[in-house]
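Here is the structure we will look at.
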Amino acid sequence: MAGMATHVITGAGSGIGAAVARRLHARGDDLVLHARDAGRAKELAAEFPGATTLVGDLADPDKLSWAFSHQSLPDRVDSLLHIAGVVDLGDVGDLTPKSWRHQLGVNLIAPAELTRHFLPQLRTARGQVVFVNSGAGLNAHAGWSAYAASKHGLKALADSLRQEEHGNGVRVSSVYPGRTASPMQAKVHQQEGKEYDPARFIDPESVADTILLALDLPRDAEINDLTVRPGR
């Protein structure tokens, strides 16, 4: 996907999303950066000169369609990168429906809705959808039920989409990073009551490497599932 490609990215404000956005911006690609509100959009536009922004709250997927109808969407989309996510740990005996809904909304329903919106452009460009999933999308552990359920669901979304869109030339990749040094990881450690040492985890830049690998792979192949684990 070298050259002036257009990428729609969620989660570009921090962690893996910011690392990917920086790399694609540096090589001159066009970025459409999703932001939850106008203030965040302004910050992203300042950080990535020349990028356009798209405002909508992933926590309220029902309203995304309305929000996008009041903004200009890109005519061309070469890749849609779902990198935003939320986590709220808790045992099944303690988690409320609100917590379940929030994580399912941001981590699963919003990516499905965004994908629905951009599929016509992706089909035209014979583009690619990348879902940044999680190790929790493959294995669920105590305290992680709602988050893992949302990520297991994201795997199902990607697998179904891949089969549905294969004939349209749209590639679909899922990346499953292990624990990555990011604000989300700091929050997880706080919830777990543990001290956070970023040096113990994957650098977001390393996960960005794997995402760019999937994007730049020649068209005779596609990466379906890529698991990335801490190397130290």
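Here, A, B, ... name the chains of the structure tokens in the order displayed, residue numbers run from 1 inside each chain, and ligands are numbered from 1 in the same displayed order.
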For Val87 in chain A, list every protein, DNA or RNA residue within 10 Å, evaluated using only C-alpha atoms, and leave out those in the same chain fewer than 6 positions away; present the list as a ChimeraX atom specification.
/A:99,102-104,106-107,144,146-148,150,184-185,187-188,191
With only C-alpha atoms as the counted atoms, please give the residues lying no more than 12 Å from Pro204 in chain A, apart from itself and same-chain residues fewer than 3 positions off, as a ChimeraX atom specification.
/A:12,14-23,83,132,177-185,198-199,201,207-211,228-230
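Each of A:Asp29, A:Asp88, A:Asp78, A:Asp62 was compared to Val129 in chain A using only C-alpha atoms, and A:Asp78 turns out to be the nearest.
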Name the residues of range 101-141 of chain A that fall into alpha helix (DSSP H) according to DSSP on the backbone, using the chain letters and numbers of this document, as a VMD selection string.
chain A and resid 101 to 104 110 to 125
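All residues of protein, DNA or RNA that reach within 9 Å of Ala38 in chain A, judged by only C-alpha atoms and not counting those fewer than 4 positions away in the chain, are Lys42, Glu43, Leu54, Val55 and Gly56 of chain A.
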Counting only C-alpha atoms, what is within 9 Å of Asp159 in chain A, bar same-chain residues fewer than 6 positions away, as a PyMOL selection string?
chain A and resi 172-174+224
List as a ChimeraX atom specification the protein and nucleic acid residues near His7 in chain A, meaning an atom at most 9 Å away when only C-alpha atoms are counted, but skip any in the same chain fewer than 3 places from it.
/A:21,24,29-33,76-81
Once DSSP has gone over the backbone, tell me which residues of range 105-182 of chain A are in strand (DSSP E or B), as an MDAnalysis selection string.
chainID A and resid 128:132 171:177 180
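Note that CA of Ala136 in chain A and CA of Ile202 in chain A are 15.4 Å apart.
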For Leu58 in chain A: contacts at 7 Å, only C-alpha atoms, fewer than 6 positions along chain excluded, given as a PDB file with all heavy atoms, in the first residue's frame:
```pdb
ATOM      1  N   ARG A  36     -13.245  11.526  19.416  1.00  0.00           N
ATOM      2  CA  ARG A  36     -14.555  11.394  20.077  1.00  0.00           C
ATOM      3  C   ARG A  36     -15.295  12.729  20.171  1.00  0.00           C
ATOM      4  O   ARG A  36     -16.510  12.759  20.291  1.00  0.00           O
ATOM      5  CB  ARG A  36     -14.408  10.754  21.460  1.00  0.00           C
ATOM      6  CG  ARG A  36     -13.655  11.561  22.460  1.00  0.00           C
ATOM      7  CD  ARG A  36     -13.571  10.857  23.823  1.00  0.00           C
ATOM      8  NE  ARG A  36     -12.585  11.512  24.673  1.00  0.00           N
ATOM      9  CZ  ARG A  36     -11.311  11.171  24.723  1.00  0.00           C
ATOM     10  NH1 ARG A  36     -10.859  10.189  23.979  1.00  0.00           N
ATOM     11  NH2 ARG A  36     -10.478  11.815  25.519  1.00  0.00           N
ATOM     12  N   GLY A 105     -19.767  -1.757  23.201  1.00  0.00           N
ATOM     13  CA  GLY A 105     -20.039  -0.663  22.273  1.00  0.00           C
ATOM     14  C   GLY A 105     -18.786  -0.147  21.589  1.00  0.00           C
ATOM     15  O   GLY A 105     -18.699  -0.083  20.361  1.00  0.00           O
ATOM     16  N   VAL A 106     -17.781   0.208  22.399  1.00  0.00           N
ATOM     17  CA  VAL A 106     -16.543   0.788  21.845  1.00  0.00           C
ATOM     18  C   VAL A 106     -15.714  -0.252  21.103  1.00  0.00           C
ATOM     19  O   VAL A 106     -15.174   0.024  20.022  1.00  0.00           O
ATOM     20  CB  VAL A 106     -15.699   1.434  22.972  1.00  0.00           C
ATOM     21  CG1 VAL A 106     -14.342   1.894  22.432  1.00  0.00           C
ATOM     22  CG2 VAL A 106     -16.442   2.611  23.595  1.00  0.00           C
ATOM     23  N   ALA A 110     -19.027  -0.412  17.607  1.00  0.00           N
ATOM     24  CA  ALA A 110     -18.521   0.752  16.858  1.00  0.00           C
ATOM     25  C   ALA A 110     -17.634   0.335  15.675  1.00  0.00           C
ATOM     26  O   ALA A 110     -17.805   0.863  14.572  1.00  0.00           O
ATOM     27  CB  ALA A 110     -17.782   1.715  17.788  1.00  0.00           C
TER      28      ALA A 110
END
```
